[in-house]
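Quick look at query36.txt (compact mmCIF, N, CA and C atoms):
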```txt
# COMPACT_ATOMS: atom_id res chain seq x y z
N MET W 1 6.27 -20.89 4.19
CA MET W 1 6.50 -20.88 2.76
C MET W 1 5.64 -19.82 2.08
N PHE W 2 4.36 -19.75 2.47
CA PHE W 2 3.48 -18.74 1.87
C PHE W 2 3.94 -17.34 2.21
N LEU W 3 4.40 -17.13 3.45
CA LEU W 3 4.86 -15.80 3.85
C LEU W 3 6.08 -15.38 3.04
N ARG W 4 6.95 -16.30 2.74
CA ARG W 4 8.13 -15.97 1.93
C ARG W 4 7.72 -15.61 0.51
N LYS W 5 6.77 -16.35 -0.06
CA LYS W 5 6.28 -16.03 -1.40
C LYS W 5 5.60 -14.68 -1.41
N LEU W 6 4.82 -14.39 -0.38
CA LEU W 6 4.14 -13.10 -0.28
C LEU W 6 5.15 -11.96 -0.16
N THR W 7 6.24 -12.20 0.57
CA THR W 7 7.29 -11.19 0.72
C THR W 7 7.95 -10.90 -0.63
N VAL W 8 8.24 -11.95 -1.41
CA VAL W 8 8.86 -11.77 -2.72
C VAL W 8 7.94 -10.98 -3.64
N ILE W 9 6.63 -11.14 -3.49
CA ILE W 9 5.68 -10.44 -4.34
C ILE W 9 5.42 -9.02 -3.84
N ALA W 10 5.25 -8.83 -2.54
CA ALA W 10 4.80 -7.54 -2.00
C ALA W 10 5.94 -6.55 -1.74
N LEU W 11 7.11 -7.01 -1.38
CA LEU W 11 8.21 -6.10 -1.04
C LEU W 11 8.62 -5.19 -2.20
N PRO W 12 8.76 -5.70 -3.44
CA PRO W 12 9.10 -4.77 -4.53
C PRO W 12 8.05 -3.69 -4.75
N LEU W 13 6.79 -4.04 -4.60
CA LEU W 13 5.74 -3.04 -4.76
C LEU W 13 5.80 -2.00 -3.65
N GLY W 14 6.13 -2.42 -2.43
CA GLY W 14 6.27 -1.48 -1.33
C GLY W 14 7.45 -0.53 -1.52
N LEU W 15 8.58 -1.05 -1.99
CA LEU W 15 9.73 -0.19 -2.26
C LEU W 15 9.44 0.80 -3.38
N LEU W 16 8.72 0.35 -4.40
CA LEU W 16 8.35 1.25 -5.49
C LEU W 16 7.42 2.34 -5.00
N LEU W 17 6.46 1.98 -4.17
CA LEU W 17 5.55 2.98 -3.61
C LEU W 17 6.31 3.99 -2.76
N LEU W 18 7.28 3.54 -1.97
CA LEU W 18 8.07 4.44 -1.14
C LEU W 18 8.82 5.45 -1.98
N ILE W 19 9.47 5.00 -3.04
CA ILE W 19 10.24 5.94 -3.85
C ILE W 19 9.33 6.90 -4.61
N CYS W 20 8.16 6.43 -5.04
CA CYS W 20 7.24 7.33 -5.75
C CYS W 20 6.63 8.37 -4.79
N LEU W 21 6.48 8.01 -3.53
CA LEU W 21 5.97 8.98 -2.55
C LEU W 21 7.03 9.99 -2.15
N LEU W 22 8.30 9.59 -2.16
CA LEU W 22 9.39 10.49 -1.79
C LEU W 22 9.86 11.36 -2.95
N LEU W 23 9.41 11.07 -4.15
CA LEU W 23 9.86 11.81 -5.33
C LEU W 23 9.63 13.31 -5.25
N PRO W 24 8.49 13.80 -4.76
CA PRO W 24 8.33 15.26 -4.63
C PRO W 24 9.33 15.89 -3.67
N LEU W 25 9.76 15.16 -2.65
CA LEU W 25 10.77 15.69 -1.74
C LEU W 25 12.11 15.85 -2.44
N PHE W 26 12.42 14.92 -3.33
CA PHE W 26 13.68 15.02 -4.07
C PHE W 26 13.66 16.21 -5.02
N SER W 27 12.52 16.48 -5.63
CA SER W 27 12.46 17.59 -6.58
C SER W 27 12.58 18.94 -5.86
N ALA W 28 12.29 18.98 -4.57
CA ALA W 28 12.43 20.22 -3.81
C ALA W 28 13.90 20.59 -3.60
N LEU W 29 14.80 19.65 -3.82
CA LEU W 29 16.24 19.91 -3.66
C LEU W 29 16.84 20.63 -4.85
N GLY W 30 16.08 20.81 -5.91
CA GLY W 30 16.60 21.47 -7.12
C GLY W 30 16.86 20.45 -8.20
N PRO W 31 17.12 20.94 -9.41
CA PRO W 31 17.28 19.99 -10.52
C PRO W 31 18.51 19.10 -10.42
N PHE W 32 19.64 19.63 -9.97
CA PHE W 32 20.84 18.81 -9.91
C PHE W 32 20.83 17.88 -8.70
N PHE W 33 20.70 18.46 -7.50
CA PHE W 33 20.77 17.64 -6.29
C PHE W 33 19.56 16.73 -6.16
N GLY W 34 18.41 17.16 -6.66
CA GLY W 34 17.23 16.30 -6.64
C GLY W 34 17.43 15.06 -7.49
N SER W 35 18.00 15.24 -8.69
CA SER W 35 18.27 14.10 -9.57
C SER W 35 19.37 13.22 -8.99
N LEU W 36 20.36 13.85 -8.38
CA LEU W 36 21.45 13.08 -7.76
C LEU W 36 20.93 12.20 -6.63
N VAL W 37 20.15 12.78 -5.73
CA VAL W 37 19.61 12.02 -4.61
C VAL W 37 18.65 10.95 -5.11
N LEU W 38 17.83 11.27 -6.12
CA LEU W 38 16.93 10.27 -6.69
C LEU W 38 17.71 9.09 -7.27
N GLY W 39 18.77 9.37 -8.01
CA GLY W 39 19.58 8.29 -8.56
C GLY W 39 20.23 7.44 -7.48
N LEU W 40 20.76 8.09 -6.44
CA LEU W 40 21.36 7.34 -5.34
C LEU W 40 20.33 6.48 -4.61
N PHE W 41 19.15 7.05 -4.37
CA PHE W 41 18.10 6.32 -3.67
C PHE W 41 17.58 5.16 -4.52
N LEU W 42 17.41 5.38 -5.82
CA LEU W 42 16.94 4.33 -6.71
C LEU W 42 17.96 3.20 -6.80
N GLY W 43 19.24 3.54 -6.91
CA GLY W 43 20.27 2.51 -6.94
C GLY W 43 20.32 1.70 -5.66
N ALA W 44 20.18 2.39 -4.52
CA ALA W 44 20.19 1.68 -3.24
C ALA W 44 18.98 0.76 -3.11
N GLU W 45 17.81 1.23 -3.53
CA GLU W 45 16.62 0.39 -3.44
C GLU W 45 16.70 -0.81 -4.38
N LEU W 46 17.20 -0.60 -5.59
CA LEU W 46 17.31 -1.73 -6.51
C LEU W 46 18.34 -2.74 -6.03
N SER W 47 19.40 -2.28 -5.38
CA SER W 47 20.38 -3.24 -4.86
C SER W 47 19.85 -3.99 -3.65
N LEU W 48 18.96 -3.37 -2.87
CA LEU W 48 18.38 -4.03 -1.70
C LEU W 48 17.13 -4.83 -2.03
N LEU W 49 16.57 -4.62 -3.20
CA LEU W 49 15.29 -5.22 -3.56
C LEU W 49 15.30 -6.73 -3.41
N LEU W 50 16.25 -7.39 -3.99
CA LEU W 50 16.24 -8.85 -3.99
C LEU W 50 16.72 -9.47 -2.68
N PRO W 51 17.77 -8.95 -2.05
CA PRO W 51 18.12 -9.54 -0.74
C PRO W 51 17.02 -9.38 0.30
N LEU W 52 16.33 -8.24 0.31
CA LEU W 52 15.25 -8.06 1.27
C LEU W 52 14.07 -8.98 0.96
N ALA W 53 13.88 -9.30 -0.31
CA ALA W 53 12.80 -10.21 -0.69
C ALA W 53 13.22 -11.67 -0.51
N GLY W 54 14.48 -11.91 -0.16
CA GLY W 54 14.93 -13.27 0.09
C GLY W 54 15.45 -13.98 -1.15
N ALA W 55 15.56 -13.28 -2.26
CA ALA W 55 16.04 -13.90 -3.49
C ALA W 55 17.50 -13.54 -3.69
N THR W 56 18.40 -14.38 -3.16
CA THR W 56 19.82 -14.02 -3.21
C THR W 56 20.67 -15.06 -3.94
N ARG W 57 20.22 -16.27 -4.05
CA ARG W 57 21.03 -17.30 -4.69
C ARG W 57 20.89 -17.24 -6.20
N LEU W 58 21.81 -17.90 -6.89
CA LEU W 58 21.76 -17.89 -8.35
C LEU W 58 20.53 -18.64 -8.86
N ARG W 59 20.16 -19.75 -8.22
CA ARG W 59 18.96 -20.49 -8.59
C ARG W 59 17.96 -20.41 -7.44
N GLU W 60 17.28 -19.30 -7.36
CA GLU W 60 16.33 -19.05 -6.28
C GLU W 60 14.99 -19.70 -6.62
N PRO W 61 14.43 -20.51 -5.72
CA PRO W 61 13.18 -21.20 -6.05
C PRO W 61 11.96 -20.28 -6.18
N PHE W 62 11.99 -19.12 -5.57
CA PHE W 62 10.83 -18.22 -5.64
C PHE W 62 11.07 -17.00 -6.52
N ALA W 63 12.20 -16.93 -7.20
CA ALA W 63 12.50 -15.76 -8.03
C ALA W 63 11.53 -15.63 -9.20
N HIS W 64 10.97 -16.76 -9.63
CA HIS W 64 10.03 -16.68 -10.75
C HIS W 64 8.76 -15.93 -10.35
N LEU W 65 8.52 -15.76 -9.06
CA LEU W 65 7.34 -15.01 -8.61
C LEU W 65 7.47 -13.51 -8.82
N LEU W 66 8.66 -13.04 -9.14
CA LEU W 66 8.84 -11.61 -9.38
C LEU W 66 8.11 -11.12 -10.62
N TRP W 67 7.63 -12.03 -11.46
CA TRP W 67 6.86 -11.60 -12.62
C TRP W 67 5.51 -11.02 -12.17
N ILE W 68 5.02 -11.40 -11.00
CA ILE W 68 3.72 -10.90 -10.53
C ILE W 68 3.78 -9.40 -10.22
N PRO W 69 4.72 -8.91 -9.37
CA PRO W 69 4.78 -7.47 -9.18
C PRO W 69 5.21 -6.73 -10.45
N ALA W 70 6.04 -7.36 -11.28
CA ALA W 70 6.43 -6.72 -12.55
C ALA W 70 5.22 -6.55 -13.45
N ALA W 71 4.35 -7.54 -13.50
CA ALA W 71 3.13 -7.43 -14.32
C ALA W 71 2.21 -6.36 -13.76
N ALA W 72 2.14 -6.25 -12.42
CA ALA W 72 1.30 -5.20 -11.82
C ALA W 72 1.83 -3.81 -12.18
N VAL W 73 3.14 -3.64 -12.13
CA VAL W 73 3.73 -2.34 -12.47
C VAL W 73 3.53 -2.05 -13.96
N LEU W 74 3.69 -3.06 -14.81
CA LEU W 74 3.46 -2.85 -16.24
C LEU W 74 2.00 -2.51 -16.53
N ALA W 75 1.07 -3.10 -15.78
CA ALA W 75 -0.35 -2.74 -15.94
C ALA W 75 -0.59 -1.29 -15.55
N VAL W 76 0.07 -0.83 -14.49
CA VAL W 76 -0.05 0.58 -14.10
C VAL W 76 0.52 1.47 -15.19
N LEU W 77 1.65 1.07 -15.78
CA LEU W 77 2.24 1.86 -16.85
C LEU W 77 1.32 1.93 -18.08
N VAL W 78 0.65 0.82 -18.39
CA VAL W 78 -0.30 0.82 -19.51
C VAL W 78 -1.45 1.78 -19.20
N TYR W 79 -1.96 1.74 -17.96
CA TYR W 79 -3.04 2.65 -17.62
C TYR W 79 -2.56 4.11 -17.67
N GLN W 80 -1.34 4.37 -17.23
CA GLN W 80 -0.83 5.74 -17.29
C GLN W 80 -0.74 6.22 -18.73
N TYR W 81 -0.37 5.33 -19.64
CA TYR W 81 -0.36 5.71 -21.05
C TYR W 81 -1.78 5.99 -21.55
N LEU W 82 -2.72 5.12 -21.19
CA LEU W 82 -4.10 5.32 -21.61
C LEU W 82 -4.67 6.61 -21.02
N ALA W 83 -4.30 6.92 -19.78
CA ALA W 83 -4.77 8.16 -19.16
C ALA W 83 -4.19 9.38 -19.86
N SER W 84 -2.97 9.25 -20.37
CA SER W 84 -2.37 10.38 -21.09
C SER W 84 -3.03 10.61 -22.44
N THR W 85 -3.68 9.59 -22.99
CA THR W 85 -4.38 9.75 -24.26
C THR W 85 -5.84 10.13 -24.08
N GLY W 86 -6.30 10.22 -22.83
CA GLY W 86 -7.65 10.68 -22.58
C GLY W 86 -8.60 9.62 -22.05
N THR W 87 -8.18 8.38 -21.97
CA THR W 87 -9.03 7.32 -21.43
C THR W 87 -9.13 7.49 -19.91
N ASP W 88 -10.33 7.38 -19.39
CA ASP W 88 -10.54 7.58 -17.95
C ASP W 88 -11.29 6.39 -17.37
N ILE W 89 -10.65 5.71 -16.42
CA ILE W 89 -11.29 4.62 -15.69
C ILE W 89 -11.37 5.11 -14.24
N PRO W 90 -12.57 5.34 -13.71
CA PRO W 90 -12.71 5.99 -12.40
C PRO W 90 -11.97 5.30 -11.26
N LEU W 91 -11.94 3.98 -11.22
CA LEU W 91 -11.29 3.30 -10.10
C LEU W 91 -9.77 3.39 -10.14
N LEU W 92 -9.20 3.73 -11.28
CA LEU W 92 -7.75 3.76 -11.42
C LEU W 92 -7.18 5.17 -11.50
N ARG W 93 -7.96 6.19 -11.21
CA ARG W 93 -7.47 7.57 -11.31
C ARG W 93 -6.28 7.84 -10.39
N LEU W 94 -6.19 7.11 -9.30
CA LEU W 94 -5.09 7.29 -8.36
C LEU W 94 -3.74 7.02 -9.03
N PHE W 95 -3.71 6.13 -10.00
CA PHE W 95 -2.45 5.75 -10.65
C PHE W 95 -2.08 6.67 -11.81
N ALA W 96 -2.96 7.54 -12.22
CA ALA W 96 -2.70 8.40 -13.38
C ALA W 96 -1.71 9.49 -13.01
N THR W 97 -0.62 9.56 -13.76
CA THR W 97 0.37 10.61 -13.58
C THR W 97 1.06 10.85 -14.91
N LEU W 98 1.50 12.06 -15.10
CA LEU W 98 2.28 12.39 -16.29
C LEU W 98 3.71 12.76 -15.92
N ASP W 99 4.08 12.54 -14.65
CA ASP W 99 5.44 12.85 -14.18
C ASP W 99 6.40 11.83 -14.78
N SER W 100 7.28 12.28 -15.63
CA SER W 100 8.18 11.36 -16.33
C SER W 100 9.15 10.67 -15.37
N ARG W 101 9.46 11.30 -14.25
CA ARG W 101 10.38 10.66 -13.29
C ARG W 101 9.72 9.43 -12.67
N ILE W 102 8.44 9.53 -12.32
CA ILE W 102 7.74 8.38 -11.74
C ILE W 102 7.62 7.26 -12.76
N ILE W 103 7.32 7.60 -14.00
CA ILE W 103 7.22 6.58 -15.04
C ILE W 103 8.57 5.91 -15.27
N THR W 104 9.66 6.68 -15.19
CA THR W 104 11.00 6.11 -15.34
C THR W 104 11.32 5.14 -14.21
N VAL W 105 10.99 5.52 -12.99
CA VAL W 105 11.25 4.65 -11.84
C VAL W 105 10.41 3.38 -11.94
N GLU W 106 9.16 3.49 -12.31
CA GLU W 106 8.31 2.30 -12.45
C GLU W 106 8.84 1.38 -13.54
N GLY W 107 9.28 1.95 -14.65
CA GLY W 107 9.86 1.14 -15.72
C GLY W 107 11.14 0.46 -15.29
N ALA W 108 11.97 1.16 -14.51
CA ALA W 108 13.22 0.56 -14.02
C ALA W 108 12.94 -0.62 -13.10
N PHE W 109 11.98 -0.46 -12.19
CA PHE W 109 11.63 -1.56 -11.29
C PHE W 109 11.09 -2.75 -12.06
N ALA W 110 10.20 -2.51 -13.02
CA ALA W 110 9.62 -3.61 -13.79
C ALA W 110 10.69 -4.35 -14.58
N ALA W 111 11.57 -3.61 -15.24
CA ALA W 111 12.63 -4.25 -16.03
C ALA W 111 13.59 -5.04 -15.14
N TYR W 112 13.92 -4.51 -13.98
CA TYR W 112 14.84 -5.20 -13.08
C TYR W 112 14.22 -6.49 -12.56
N MET W 113 12.94 -6.44 -12.20
CA MET W 113 12.28 -7.65 -11.69
C MET W 113 12.14 -8.70 -12.77
N ILE W 114 11.82 -8.31 -14.00
CA ILE W 114 11.71 -9.28 -15.08
C ILE W 114 13.07 -9.89 -15.40
N ALA W 115 14.09 -9.07 -15.45
CA ALA W 115 15.44 -9.58 -15.74
C ALA W 115 15.90 -10.55 -14.66
N PHE W 116 15.66 -10.22 -13.40
CA PHE W 116 16.08 -11.12 -12.32
C PHE W 116 15.25 -12.39 -12.33
N SER W 117 13.98 -12.29 -12.65
CA SER W 117 13.12 -13.47 -12.73
C SER W 117 13.63 -14.43 -13.80
N ILE W 118 14.03 -13.89 -14.92
CA ILE W 118 14.54 -14.74 -16.00
C ILE W 118 15.90 -15.31 -15.65
N ARG W 119 16.75 -14.52 -15.00
CA ARG W 119 18.12 -14.96 -14.69
C ARG W 119 18.16 -16.04 -13.62
N THR W 120 17.36 -15.92 -12.57
CA THR W 120 17.50 -16.85 -11.45
C THR W 120 16.35 -17.82 -11.30
N GLY W 121 15.23 -17.51 -11.86
CA GLY W 121 14.08 -18.39 -11.69
C GLY W 121 13.85 -19.22 -12.94
N ARG W 122 12.63 -19.62 -13.09
CA ARG W 122 12.26 -20.41 -14.27
C ARG W 122 11.88 -19.51 -15.43
N GLY W 123 11.98 -18.21 -15.26
CA GLY W 123 11.64 -17.28 -16.32
C GLY W 123 10.21 -16.84 -16.25
N VAL W 124 9.86 -15.96 -17.14
CA VAL W 124 8.51 -15.42 -17.17
C VAL W 124 7.59 -16.36 -17.88
```
Rewrite the structure of this file - the entire thing - as structure tokens.
Amino acid sequence: MFLRKLTVIALPLGLLLLICLLLPLFSALGPFFGSLVLGLFLGAELSLLLPLAGATRLREPFAHLLWIPAAAVLAVLVYQYLASTGTDIPLLRLFATLDSRIITVEGAFAAYMIAFSIRTGRGV
């Protein structure tokens, strides 16, 4: 039971990390094909996100746990905003980026996890 809960929490963060690490490879394909491949990859990851995490039924008992990775991603987004305004926290410098594509992907993952948590679980 604990391993399943851990999978629901950790798998979305792992998929998000994978796409953010592959983003520079997509931009090497050029503006059109890079955006096309990024969109295809993001759509495929978002469609696989919940079945791989084990949340597939309409009333999933662990879907409410998706608020945890969504909150972690939203905290990273808040720090990225603070870093863009000049605030510097030494332990979090790794998360600071001004790449709008990465911020868009992180926002998409957070919104999708919150929406699915509300739809199938007990809500946020």
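For the atom pair formed by atom C of Thr7 in chain W and CA of Ala44 in chain W, the distance is 17.7 Å, given to one decimal.
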Taking (9.5, 10.3, -6.5) in the file's coordinates, which residues come within 10 Å, counting only C-alpha atoms, written as a PyMOL selection string? chain W and resi 16-27+34+38+41-42+99-105
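Counting from CA of Pro12 in chain W, the distance to CA of Leu82 in chain W is 23.8 Å.
Of note, CA of Ala70 in chain W and CA of Phe95 in chain W are spaced 15.4 Å apart.
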Extract, using all atoms listed in the file, all DNA, RNA and protein residues at most 8 Å from Leu77 in chain W, discarding same-chain residues fewer than 3 positions from it, and format them as an MDAnalysis selection string. chainID W and resid 71:74 80:83 95 103 106:107
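Closest to Val76 in chain W among W:Ala111, W:Ile118, W:Ala96, W:Val8 is W:Ala96, based on all atoms listed in the file.
Nearest residue to Gly39 in chain W, choosing from W:Phe62, W:Pro90, W:Ala108, W:Ile114 and counting only C-alpha atoms: W:Ala108.
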According to DSSP computed on the backbone, where in range 7-96 of chain W is there helix (DSSP H, G or I)? Give the residues as a VMD selection string. chain W and resid 7 to 27 31 to 53 63 to 84 90 to 95
The residue from W:Pro31, W:His64, W:Leu49, W:Pro69 with the smallest atom-to-atom distance to Ala110 in chain W, counting all atoms listed in the file, is W:Pro69
